[in-house]
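File shown: target-v8.txt (compact mmCIF, C-alpha atoms).
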```txt
# COMPACT_ATOMS: atom_id res chain seq x y z
CA MET A 5 142.55 53.06 109.71
CA ILE A 6 140.76 51.52 112.68
CA SER A 7 140.29 54.12 115.40
CA GLY A 8 140.09 53.55 119.14
CA TYR A 9 141.79 51.11 121.49
CA ALA A 10 140.96 48.39 124.00
CA THR A 11 138.98 49.60 127.03
CA PRO A 12 138.07 48.07 130.40
CA GLU A 13 134.39 48.19 129.38
CA GLY A 14 135.00 46.57 126.00
CA THR A 15 137.16 43.78 127.34
CA GLN A 16 134.65 43.17 130.14
CA GLN A 17 132.01 42.57 127.47
CA VAL A 18 134.11 39.75 126.03
CA ALA A 19 134.66 38.21 129.46
CA ASP A 20 130.92 38.35 130.16
CA GLN A 21 130.05 36.83 126.79
CA PHE A 22 132.53 33.97 127.12
CA SER A 23 132.12 33.09 130.78
CA GLY A 24 133.49 29.60 130.16
CA LEU A 25 136.93 31.01 129.34
CA ALA A 26 139.51 32.23 131.86
CA PHE A 27 140.14 35.98 131.86
CA THR A 28 142.52 38.01 133.96
CA THR A 29 143.29 41.69 134.42
CA LEU A 30 146.41 42.74 132.53
CA GLY A 31 148.45 44.23 135.33
CA SER A 32 147.19 47.68 136.26
CA THR A 33 145.88 48.50 132.78
CA GLY A 34 142.30 47.69 133.76
CA LEU A 35 141.99 45.53 130.64
CA LEU A 36 140.62 41.98 130.88
CA VAL A 37 142.46 39.52 128.65
CA SER A 38 141.88 35.88 127.83
CA GLY A 39 144.18 33.45 129.60
CA ALA A 40 145.36 32.23 126.20
CA GLY A 41 146.40 34.81 123.64
CA PHE A 42 146.98 34.48 119.90
CA GLY A 43 150.72 34.51 119.22
CA CYS A 44 151.74 35.57 115.72
CA TYR A 45 155.38 34.49 115.50
CA ARG A 46 154.83 32.23 112.46
CA VAL A 47 151.72 33.98 111.14
CA ASN A 48 151.94 35.60 107.72
CA ALA A 49 149.72 37.55 105.35
CA GLY A 50 148.42 35.59 102.40
CA VAL A 51 148.14 32.31 104.31
CA THR A 52 144.45 31.39 104.48
CA ALA A 53 144.90 28.95 107.36
CA HIS A 54 146.52 31.66 109.48
CA ALA A 55 143.73 34.13 108.76
CA ASN A 56 141.08 31.52 109.55
CA ALA A 57 142.81 30.58 112.81
CA LEU A 58 142.96 34.18 114.00
CA LYS A 59 139.34 34.79 112.97
CA LYS A 60 138.19 31.69 114.86
CA ALA A 61 140.13 32.73 117.96
CA LEU A 62 138.72 36.26 117.99
CA ILE A 63 135.07 35.29 117.50
CA ASN A 64 135.39 32.66 120.22
CA GLY A 65 136.66 34.89 123.01
CA ILE A 66 140.42 35.15 122.56
CA ASN A 67 141.01 38.89 122.85
CA LEU A 68 144.80 39.22 123.21
CA ILE A 69 146.95 39.38 120.06
CA ASP A 70 150.75 39.30 120.29
CA THR A 71 152.71 40.25 117.17
CA SER A 72 155.89 42.07 116.16
CA ALA A 73 157.36 44.09 113.33
CA ASN A 74 159.90 41.30 113.01
CA TYR A 75 157.44 38.43 112.58
CA ALA A 76 157.31 37.38 108.91
CA ASP A 77 159.11 40.64 108.09
CA GLY A 78 155.95 42.65 108.78
CA GLY A 79 153.59 40.10 107.24
CA SER A 80 152.31 39.07 110.65
CA GLU A 81 151.13 42.58 111.48
CA GLN A 82 149.61 42.89 108.02
CA LEU A 83 147.55 39.72 108.49
CA VAL A 84 146.37 40.84 111.93
CA GLY A 85 145.24 44.14 110.44
CA GLU A 86 143.37 42.44 107.61
CA VAL A 87 141.49 40.08 109.93
CA LEU A 88 140.64 42.82 112.43
CA LYS A 89 139.33 45.06 109.65
CA ARG A 90 137.04 42.36 108.26
CA LEU A 91 135.66 41.33 111.66
CA ILE A 92 135.12 44.90 112.86
CA GLU A 93 133.47 46.01 109.62
CA SER A 94 131.14 42.98 109.75
CA GLY A 95 130.22 43.75 113.37
CA ARG A 96 131.57 40.46 114.72
CA ILE A 97 133.87 42.27 117.17
CA ASN A 98 134.72 45.88 118.01
CA ARG A 99 138.08 47.56 118.55
CA GLU A 100 137.42 48.22 122.25
CA GLN A 101 137.29 44.46 122.95
CA VAL A 102 140.69 43.42 121.56
CA VAL A 103 144.12 44.03 123.09
CA VAL A 104 146.77 44.31 120.37
CA VAL A 105 150.44 44.19 121.37
CA SER A 106 153.39 44.60 119.00
CA LYS A 107 157.14 44.99 119.37
CA GLY A 108 160.16 46.66 117.82
CA GLY A 109 163.93 46.35 117.92
CA TYR A 110 165.06 43.96 115.21
CA LEU A 111 166.64 44.99 111.92
CA GLN A 112 166.26 42.01 109.62
CA GLY A 113 164.77 41.64 106.15
CA ASN A 114 163.35 44.96 104.98
CA ASN A 115 164.53 46.74 108.14
CA TYR A 116 168.07 45.50 107.57
CA THR A 117 167.98 46.69 103.95
CA LEU A 118 166.72 50.08 105.14
CA SER A 119 169.50 50.27 107.72
CA GLN A 120 172.19 49.55 105.11
CA GLN A 121 170.71 52.14 102.75
CA ARG A 122 170.67 54.77 105.47
CA LYS A 123 174.31 54.02 106.27
CA ALA A 124 175.20 54.41 102.60
CA ASP A 125 173.33 57.73 102.54
CA GLY A 126 175.23 59.00 105.59
CA ASN A 127 172.10 59.00 107.78
CA PRO A 128 172.26 55.77 109.80
CA PHE A 129 169.97 54.86 112.67
CA LYS A 130 171.79 55.71 115.90
CA GLU A 131 173.11 53.16 118.41
CA VAL A 132 172.59 50.18 116.12
CA VAL A 133 173.96 46.89 117.47
CA GLU A 134 175.63 45.09 114.55
CA TYR A 135 174.99 41.62 115.91
CA ALA A 136 175.51 39.28 112.95
CA ASP A 137 175.35 39.07 109.17
CA GLY A 138 171.89 40.27 108.19
CA LEU A 139 170.92 40.99 111.80
CA GLU A 140 171.10 44.26 113.70
CA HIS A 141 169.23 45.56 116.70
CA CYS A 142 168.23 49.01 117.89
CA ILE A 143 166.02 50.64 120.54
CA HIS A 144 167.06 54.24 119.89
CA PRO A 145 164.13 56.72 119.82
CA GLY A 146 164.72 57.56 116.16
CA PHE A 147 164.33 53.91 115.19
CA LEU A 148 161.35 53.31 117.48
CA ASP A 149 159.58 56.33 116.02
CA ASP A 150 159.92 54.83 112.54
CA GLN A 151 158.94 51.33 113.69
CA ILE A 152 155.76 52.38 115.49
CA GLU A 153 154.67 54.30 112.41
CA GLN A 154 155.28 51.28 110.17
CA SER A 155 153.57 48.87 112.58
CA LEU A 156 150.45 51.04 112.78
CA LYS A 157 150.28 51.24 108.99
CA ARG A 158 150.55 47.47 108.58
CA LEU A 159 148.00 46.84 111.33
CA GLY A 160 145.67 49.54 110.06
CA LEU A 161 145.32 50.91 113.60
CA ASP A 162 145.44 54.41 115.03
CA THR A 163 146.64 53.11 118.40
CA LEU A 164 148.47 50.06 119.78
CA ASP A 165 147.35 48.88 123.19
CA GLY A 166 150.83 47.65 124.08
CA TYR A 167 154.28 48.18 122.62
CA LEU A 168 157.33 46.21 123.76
CA LEU A 169 161.06 46.62 123.24
CA HIS A 170 161.82 43.32 121.50
CA ASN A 171 164.74 41.46 123.10
CA PRO A 172 166.89 44.49 123.97
CA GLU A 173 169.40 42.07 125.54
CA TYR A 174 170.95 41.72 122.08
CA TYR A 175 173.08 44.67 123.17
CA LEU A 176 174.38 42.69 126.16
CA GLY A 177 175.14 39.69 123.96
CA TRP A 178 177.04 41.89 121.54
CA ALA A 179 178.94 43.61 124.36
CA HIS A 180 179.92 40.23 125.84
CA LYS A 181 181.25 39.06 122.48
CA GLN A 182 183.21 42.30 122.14
CA GLY A 183 184.80 41.82 125.57
CA VAL A 184 183.16 44.89 127.07
CA ASP A 185 183.41 44.97 130.88
CA ARG A 186 180.11 43.67 132.28
CA GLU A 187 179.52 46.59 134.65
CA ARG A 188 180.12 49.06 131.84
CA ALA A 189 177.88 47.08 129.46
CA GLU A 190 175.02 46.94 131.95
CA LYS A 191 175.26 50.66 132.65
CA GLU A 192 174.96 51.39 128.94
CA TYR A 193 172.18 48.80 128.53
CA TYR A 194 169.92 50.37 131.12
CA ARG A 195 170.74 53.85 129.85
CA ARG A 196 169.43 52.79 126.44
CA ILE A 197 166.31 51.32 128.01
CA GLU A 198 165.66 54.52 129.94
CA ARG A 199 166.01 56.62 126.78
CA ALA A 200 163.63 54.25 124.97
CA PHE A 201 161.11 54.42 127.81
CA ARG A 202 161.15 58.21 127.79
CA HIS A 203 160.46 58.14 124.08
CA LEU A 204 157.62 55.66 124.58
CA GLU A 205 156.06 58.00 127.14
CA ASN A 206 156.00 60.58 124.34
CA GLU A 207 154.34 58.01 122.09
CA VAL A 208 151.62 57.57 124.73
CA GLN A 209 151.07 61.33 124.74
CA ARG A 210 150.84 61.29 120.94
CA GLY A 211 148.15 58.62 121.19
CA ARG A 212 150.03 56.03 119.14
CA ILE A 213 150.40 53.56 122.03
CA ARG A 214 148.63 53.06 125.36
CA PHE A 215 151.15 51.08 127.41
CA TYR A 216 154.69 49.84 126.92
CA GLY A 217 157.28 47.49 128.35
CA ILE A 218 159.84 44.87 127.37
CA SER A 219 159.76 41.43 125.79
CA SER A 220 162.95 39.70 126.93
CA ASN A 221 164.10 36.10 126.81
CA THR A 222 166.46 36.79 129.71
CA PHE A 223 164.11 38.02 132.44
CA PRO A 224 164.12 34.47 133.90
CA ALA A 225 167.83 33.82 133.18
CA SER A 226 170.43 33.32 135.88
CA THR A 227 171.91 36.53 137.27
CA GLU A 228 175.27 35.13 136.13
CA ASP A 229 174.13 35.13 132.52
CA PRO A 230 175.84 38.09 130.76
CA GLU A 231 172.53 38.78 128.95
CA PHE A 232 170.38 38.76 132.11
CA THR A 233 167.74 41.50 132.18
CA ALA A 234 166.83 42.57 135.72
CA LEU A 235 163.12 43.33 136.07
CA GLN A 236 163.85 45.31 139.23
CA ARG A 237 166.20 47.61 137.31
CA VAL A 238 163.63 48.01 134.55
CA TRP A 239 160.94 48.92 137.07
CA GLU A 240 163.22 51.40 138.82
CA ILE A 241 163.85 53.10 135.47
CA ALA A 242 160.11 53.34 134.83
CA GLU A 243 159.45 54.79 138.27
CA SER A 244 162.25 57.34 137.79
CA ILE A 245 160.28 58.75 134.87
CA GLY A 246 157.37 59.58 137.16
CA ASP A 247 154.46 58.17 139.13
CA ALA A 248 152.21 58.32 136.07
CA HIS A 249 154.49 56.28 133.79
CA HIS A 250 152.89 53.81 131.38
CA CYS A 251 155.32 50.88 131.70
CA ARG A 252 152.73 48.21 132.41
CA VAL A 253 153.49 45.06 130.42
CA ILE A 254 156.35 42.59 130.06
CA GLN A 255 156.78 39.31 128.21
CA LEU A 256 159.08 36.37 128.85
CA PRO A 257 159.35 32.73 127.67
CA PHE A 258 156.67 30.74 129.46
CA ASN A 259 154.92 28.10 127.40
CA LEU A 260 154.37 24.35 127.20
CA PHE A 261 157.21 23.83 124.74
CA GLU A 262 159.87 25.88 126.56
```

Would you give me this structure, written as structure tokens?
Amino acid sequence: MISGYATPEGTQQVADQFSGLAFTTLGSTGLLVSGAGFGCYRVNAGVTAHANALKKALINGINLIDTSANYADGGSEQLVGEVLKRLIESGRINREQVVVVSKGGYLQGNNYTLSQQRKADGNPFKEVVEYADGLEHCIHPGFLDDQIEQSLKRLGLDTLDGYLLHNPEYYLGWAHKQGVDRERAEKEYYRRIERAFRHLENEVQRGRIRFYGISSNTFPASTEDPEFTALQRVWEIAESIGDAHHCRVIQLPFNLFE
């Protein structure tokens, strides 16, 4: 396992070395990240071109990696871990220089199979949203605990720099389809987010993550959209946990293709 985590000093080293690239401070984390990150949505273990692309990015100053337990059914995290291990062991980079962010929430592929097995055994994950055939979603602490453990194993890391609830608005979409009153659905939605955040604070204390937040496609949606996620509500939940909360990162669709 690769010990340590990204630090202000380590990320500053990258910014100093690659002065021709744009770097910015990631919120109030104190970490400097490259303006372009390496997104791992279609990246998979065993694909040489993917490994070479990530290697090239990392040794040329890109120091932000975005992956998820759901990408390639865990294969994305596995590939990231393999490339990081090789580059760190060879001395090309060090752990303190790279910001690694992953996500959890989806039950597809292996996670879906696990969910069905647990149901059959009488020990299901709690508060699972049965969204569609072969697709469920969950942000309950019991599920997140399992997912963080699995992500760290695939990545070969002791600590994730960032961990995001991955599209929690699936609950709102499900509730809308079920005809649940919107006010009632939103109340339950933010209750689930608060419970997840409180669990993620415990994960910070355990040393398994450094910061957390939400990746949502509906942060920029219209307020009339039944799946709209209100950043203000999310921030109020974080602040209700305490002044020293670690909710510091969010993600939303913002790229040249969308």

Here atom CA of A:Gln16 and atom CA of A:Leu204 stand apart by 26.7 Å

Kindly provide the residues of stretch 58-166 of chain A that approach stretch 9-13 of chain A to within 12 Å, each paired with its closest atom pair and their distance in Å to one decimal, based on all atoms listed in the file, listed by chain and increasing number, as JSON lines.
```
{"residue": "A:Asn67", "atom": "CA", "partner": "A:Ala10", "partner_atom": "CA", "distance": 9.6}
{"residue": "A:Leu68", "atom": "CA", "partner": "A:Ala10", "partner_atom": "CA", "distance": 10.0}
{"residue": "A:Ile69", "atom": "CA", "partner": "A:Ala10", "partner_atom": "CA", "distance": 11.5}
{"residue": "A:Ile97", "atom": "CA", "partner": "A:Ala10", "partner_atom": "CA", "distance": 11.6}
{"residue": "A:Asn98", "atom": "CA", "partner": "A:Ala10", "partner_atom": "CA", "distance": 9.0}
{"residue": "A:Arg99", "atom": "CA", "partner": "A:Tyr9", "partner_atom": "CA", "distance": 5.9}
{"residue": "A:Glu100", "atom": "CA", "partner": "A:Ala10", "partner_atom": "CA", "distance": 4.0}
{"residue": "A:Gln101", "atom": "CA", "partner": "A:Ala10", "partner_atom": "CA", "distance": 5.5}
{"residue": "A:Val102", "atom": "CA", "partner": "A:Ala10", "partner_atom": "CA", "distance": 5.5}
{"residue": "A:Val103", "atom": "CA", "partner": "A:Ala10", "partner_atom": "CA", "distance": 5.5}
{"residue": "A:Val104", "atom": "CA", "partner": "A:Ala10", "partner_atom": "CA", "distance": 8.0}
{"residue": "A:Val105", "atom": "CA", "partner": "A:Ala10", "partner_atom": "CA", "distance": 10.7}
{"residue": "A:Leu161", "atom": "CA", "partner": "A:Tyr9", "partner_atom": "CA", "distance": 8.6}
{"residue": "A:Asp162", "atom": "CA", "partner": "A:Tyr9", "partner_atom": "CA", "distance": 8.1}
{"residue": "A:Thr163", "atom": "CA", "partner": "A:Tyr9", "partner_atom": "CA", "distance": 6.1}
{"residue": "A:Leu164", "atom": "CA", "partner": "A:Tyr9", "partner_atom": "CA", "distance": 7.0}
{"residue": "A:Asp165", "atom": "CA", "partner": "A:Tyr9", "partner_atom": "CA", "distance": 6.2}
{"residue": "A:Gly166", "atom": "CA", "partner": "A:Ala10", "partner_atom": "CA", "distance": 9.9}
```

Would you compute the distance between atom CA of A:Phe42 and atom CA of A:Asp70? Give it in Å to one decimal. 6.1 Å

Selection near A:Gly43, 12 Å with all atoms listed in the file, sequence-local residues under 5 positions removed, as a list in words: Asn48, His54, Ala57, Leu58, Ala61, Ile66, Asn67, Leu68, Ile69, Asp70, Thr71, Ser72, Tyr75, Ser80, Glu81, Val84, Val104, Val105, Ser106, Gln255 and Asn259 of chain A

With C-alpha atoms retained, could you export that selection as a PDB file, in the frame of the given file?
```
ATOM      1  CA  ASN A  48     151.940  35.600 107.720  1.00  0.00           C
ATOM      2  CA  HIS A  54     146.520  31.660 109.480  1.00  0.00           C
ATOM      3  CA  ALA A  57     142.810  30.580 112.810  1.00  0.00           C
ATOM      4  CA  LEU A  58     142.960  34.180 114.000  1.00  0.00           C
ATOM      5  CA  ALA A  61     140.130  32.730 117.960  1.00  0.00           C
ATOM      6  CA  ILE A  66     140.420  35.150 122.560  1.00  0.00           C
ATOM      7  CA  ASN A  67     141.010  38.890 122.850  1.00  0.00           C
ATOM      8  CA  LEU A  68     144.800  39.220 123.210  1.00  0.00           C
ATOM      9  CA  ILE A  69     146.950  39.380 120.060  1.00  0.00           C
ATOM     10  CA  ASP A  70     150.750  39.300 120.290  1.00  0.00           C
ATOM     11  CA  THR A  71     152.710  40.250 117.170  1.00  0.00           C
ATOM     12  CA  SER A  72     155.890  42.070 116.160  1.00  0.00           C
ATOM     13  CA  TYR A  75     157.440  38.430 112.580  1.00  0.00           C
ATOM     14  CA  SER A  80     152.310  39.070 110.650  1.00  0.00           C
ATOM     15  CA  GLU A  81     151.130  42.580 111.480  1.00  0.00           C
ATOM     16  CA  VAL A  84     146.370  40.840 111.930  1.00  0.00           C
ATOM     17  CA  VAL A 104     146.770  44.310 120.370  1.00  0.00           C
ATOM     18  CA  VAL A 105     150.440  44.190 121.370  1.00  0.00           C
ATOM     19  CA  SER A 106     153.390  44.600 119.000  1.00  0.00           C
ATOM     20  CA  GLN A 255     156.780  39.310 128.210  1.00  0.00           C
ATOM     21  CA  ASN A 259     154.920  28.100 127.400  1.00  0.00           C
TER      22      ASN A 259
END
```

Could you pull out every residue with an atom within 9 Å of (150.0, 32.9, 109.6), file coordinates, counting only C-alpha atoms, and send them as a list of chain:residue names? A:Cys44, A:Tyr45, A:Arg46, A:Val47, A:Asn48, A:Ala49, A:Gly50, A:Val51, A:Thr52, A:Ala53, A:His54, A:Ala55, A:Ala57, A:Leu58, A:Ala76, A:Gly79, A:Ser80, A:Leu83

Give me a file of those residues, with C-alpha atoms, as a PDB file, in the frame of the given file.
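Once everything was written out, this is part_36.pdb:
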```pdb
ATOM      1  CA  CYS A  44     151.740  35.570 115.720  1.00  0.00           C
ATOM      2  CA  TYR A  45     155.380  34.490 115.500  1.00  0.00           C
ATOM      3  CA  ARG A  46     154.830  32.230 112.460  1.00  0.00           C
ATOM      4  CA  VAL A  47     151.720  33.980 111.140  1.00  0.00           C
ATOM      5  CA  ASN A  48     151.940  35.600 107.720  1.00  0.00           C
ATOM      6  CA  ALA A  49     149.720  37.550 105.350  1.00  0.00           C
ATOM      7  CA  GLY A  50     148.420  35.590 102.400  1.00  0.00           C
ATOM      8  CA  VAL A  51     148.140  32.310 104.310  1.00  0.00           C
ATOM      9  CA  THR A  52     144.450  31.390 104.480  1.00  0.00           C
ATOM     10  CA  ALA A  53     144.900  28.950 107.360  1.00  0.00           C
ATOM     11  CA  HIS A  54     146.520  31.660 109.480  1.00  0.00           C
ATOM     12  CA  ALA A  55     143.730  34.130 108.760  1.00  0.00           C
ATOM     13  CA  ALA A  57     142.810  30.580 112.810  1.00  0.00           C
ATOM     14  CA  LEU A  58     142.960  34.180 114.000  1.00  0.00           C
ATOM     15  CA  ALA A  76     157.310  37.380 108.910  1.00  0.00           C
ATOM     16  CA  GLY A  79     153.590  40.100 107.240  1.00  0.00           C
ATOM     17  CA  SER A  80     152.310  39.070 110.650  1.00  0.00           C
ATOM     18  CA  LEU A  83     147.550  39.720 108.490  1.00  0.00           C
TER      19      LEU A  83
END
```

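The coordinates place atom CA of A:Ser155 at 23.5 Å from atom CA of A:Leu36.
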
Applying 8 Å and all atoms listed in the file, which residues near A:Ile254 remain after dropping the ones on its own chain fewer than 2 positions away? List them as JSON, numbers by chain. {"A": [168, 217, 218, 219, 220, 252, 256]}

Find the residues near A:Gln151: any atom within 9 Å, counting only C-alpha atoms, skip ones fewer than 5 places away on the same chain, and give them as a PyMOL selection string. chain A and resi 73+107-109+146+156

A:Asn221 proximity check over A:Glu173, A:Asp77, A:Glu140, A:Glu86, using all atoms listed in the file: winner is A:Glu173

For the point (160.9, 52.7, 128.1) in the file's frame, write as JSON, numbers by chain all residues with an atom no more than 9 Å away, counting all atoms listed in the file. {"A": [168, 169, 196, 197, 198, 199, 200, 201, 202, 203, 204, 205, 216, 217, 218, 238, 241, 242, 250, 251]}

Where atoms are lacking, stretch 65-88 of chain A completed to N, CA, C and O atoms, as a short mmCIF file (atom, residue, chain, number, x, y, z; two decimals), keeping the file's coordinate frame:
```
data_model
loop_
_atom_site.label_atom_id
_atom_site.label_comp_id
_atom_site.auth_asym_id
_atom_site.auth_seq_id
_atom_site.Cartn_x
_atom_site.Cartn_y
_atom_site.Cartn_z
N GLY A 65 136.30 34.36 121.70
CA GLY A 65 136.66 34.89 123.01
C GLY A 65 138.11 35.20 123.27
O GLY A 65 138.44 35.78 124.31
N ILE A 66 139.01 34.80 122.38
CA ILE A 66 140.42 35.15 122.56
C ILE A 66 140.57 36.62 122.19
O ILE A 66 140.31 37.01 121.05
N ASN A 67 140.98 37.44 123.14
CA ASN A 67 141.01 38.89 122.85
C ASN A 67 142.38 39.53 123.07
O ASN A 67 142.49 40.74 123.20
N LEU A 68 143.44 38.70 123.07
CA LEU A 68 144.80 39.22 123.21
C LEU A 68 145.62 38.74 122.02
O LEU A 68 145.76 37.54 121.79
N ILE A 69 146.13 39.69 121.24
CA ILE A 69 146.95 39.38 120.06
C ILE A 69 148.37 39.85 120.31
O ILE A 69 148.60 41.01 120.67
N ASP A 70 149.33 38.96 120.10
CA ASP A 70 150.75 39.30 120.29
C ASP A 70 151.47 39.16 118.95
O ASP A 70 151.56 38.08 118.39
N THR A 71 151.99 40.28 118.44
CA THR A 71 152.71 40.25 117.17
C THR A 71 153.98 41.09 117.29
O THR A 71 154.35 41.54 118.38
N SER A 72 154.65 41.29 116.17
CA SER A 72 155.89 42.07 116.16
C SER A 72 156.20 42.51 114.75
O SER A 72 155.84 41.82 113.78
N ALA A 73 156.90 43.63 114.63
CA ALA A 73 157.36 44.09 113.33
C ALA A 73 158.27 43.06 112.68
O ALA A 73 158.37 42.98 111.45
N ASN A 74 158.93 42.26 113.50
CA ASN A 74 159.90 41.30 113.01
C ASN A 74 159.27 40.00 112.53
O ASN A 74 159.89 39.26 111.77
N TYR A 75 158.07 39.70 112.94
CA TYR A 75 157.44 38.43 112.58
C TYR A 75 157.04 38.46 111.10
O TYR A 75 156.28 39.32 110.67
N ALA A 76 157.57 37.48 110.35
CA ALA A 76 157.31 37.38 108.91
C ALA A 76 157.64 38.68 108.19
O ALA A 76 157.00 39.04 107.20
N ASP A 77 158.63 39.39 108.71
CA ASP A 77 159.11 40.64 108.09
C ASP A 77 157.97 41.63 107.86
O ASP A 77 157.88 42.27 106.82
N GLY A 78 157.09 41.73 108.88
CA GLY A 78 155.95 42.65 108.78
C GLY A 78 154.67 41.99 108.32
O GLY A 78 153.58 42.53 108.50
N GLY A 79 154.77 40.80 107.74
CA GLY A 79 153.59 40.10 107.24
C GLY A 79 152.63 39.69 108.34
O GLY A 79 151.41 39.62 108.12
N SER A 80 153.16 39.43 109.52
CA SER A 80 152.31 39.07 110.65
C SER A 80 151.38 40.22 111.02
O SER A 80 150.17 40.04 111.18
N GLU A 81 151.95 41.41 111.16
CA GLU A 81 151.13 42.58 111.48
C GLU A 81 150.10 42.83 110.37
O GLU A 81 148.95 43.20 110.64
N GLN A 82 150.52 42.66 109.14
CA GLN A 82 149.61 42.89 108.02
C GLN A 82 148.41 41.95 108.11
O GLN A 82 147.26 42.38 107.92
N LEU A 83 148.65 40.68 108.38
CA LEU A 83 147.55 39.72 108.49
C LEU A 83 146.62 40.08 109.64
O LEU A 83 145.39 40.03 109.50
N VAL A 84 147.19 40.44 110.79
CA VAL A 84 146.37 40.84 111.93
C VAL A 84 145.46 42.00 111.54
O VAL A 84 144.26 42.01 111.84
N GLY A 85 146.02 42.99 110.86
CA GLY A 85 145.24 44.14 110.44
C GLY A 85 144.11 43.76 109.50
O GLY A 85 142.99 44.28 109.61
N GLU A 86 144.40 42.86 108.57
CA GLU A 86 143.37 42.44 107.61
C GLU A 86 142.21 41.73 108.30
O GLU A 86 141.04 41.99 108.00
N VAL A 87 142.54 40.83 109.23
CA VAL A 87 141.49 40.08 109.93
C VAL A 87 140.68 41.00 110.83
O VAL A 87 139.44 40.94 110.86
N LEU A 88 141.36 41.88 111.57
CA LEU A 88 140.64 42.82 112.43
C LEU A 88 139.69 43.69 111.62
O LEU A 88 138.54 43.91 112.01
#
```
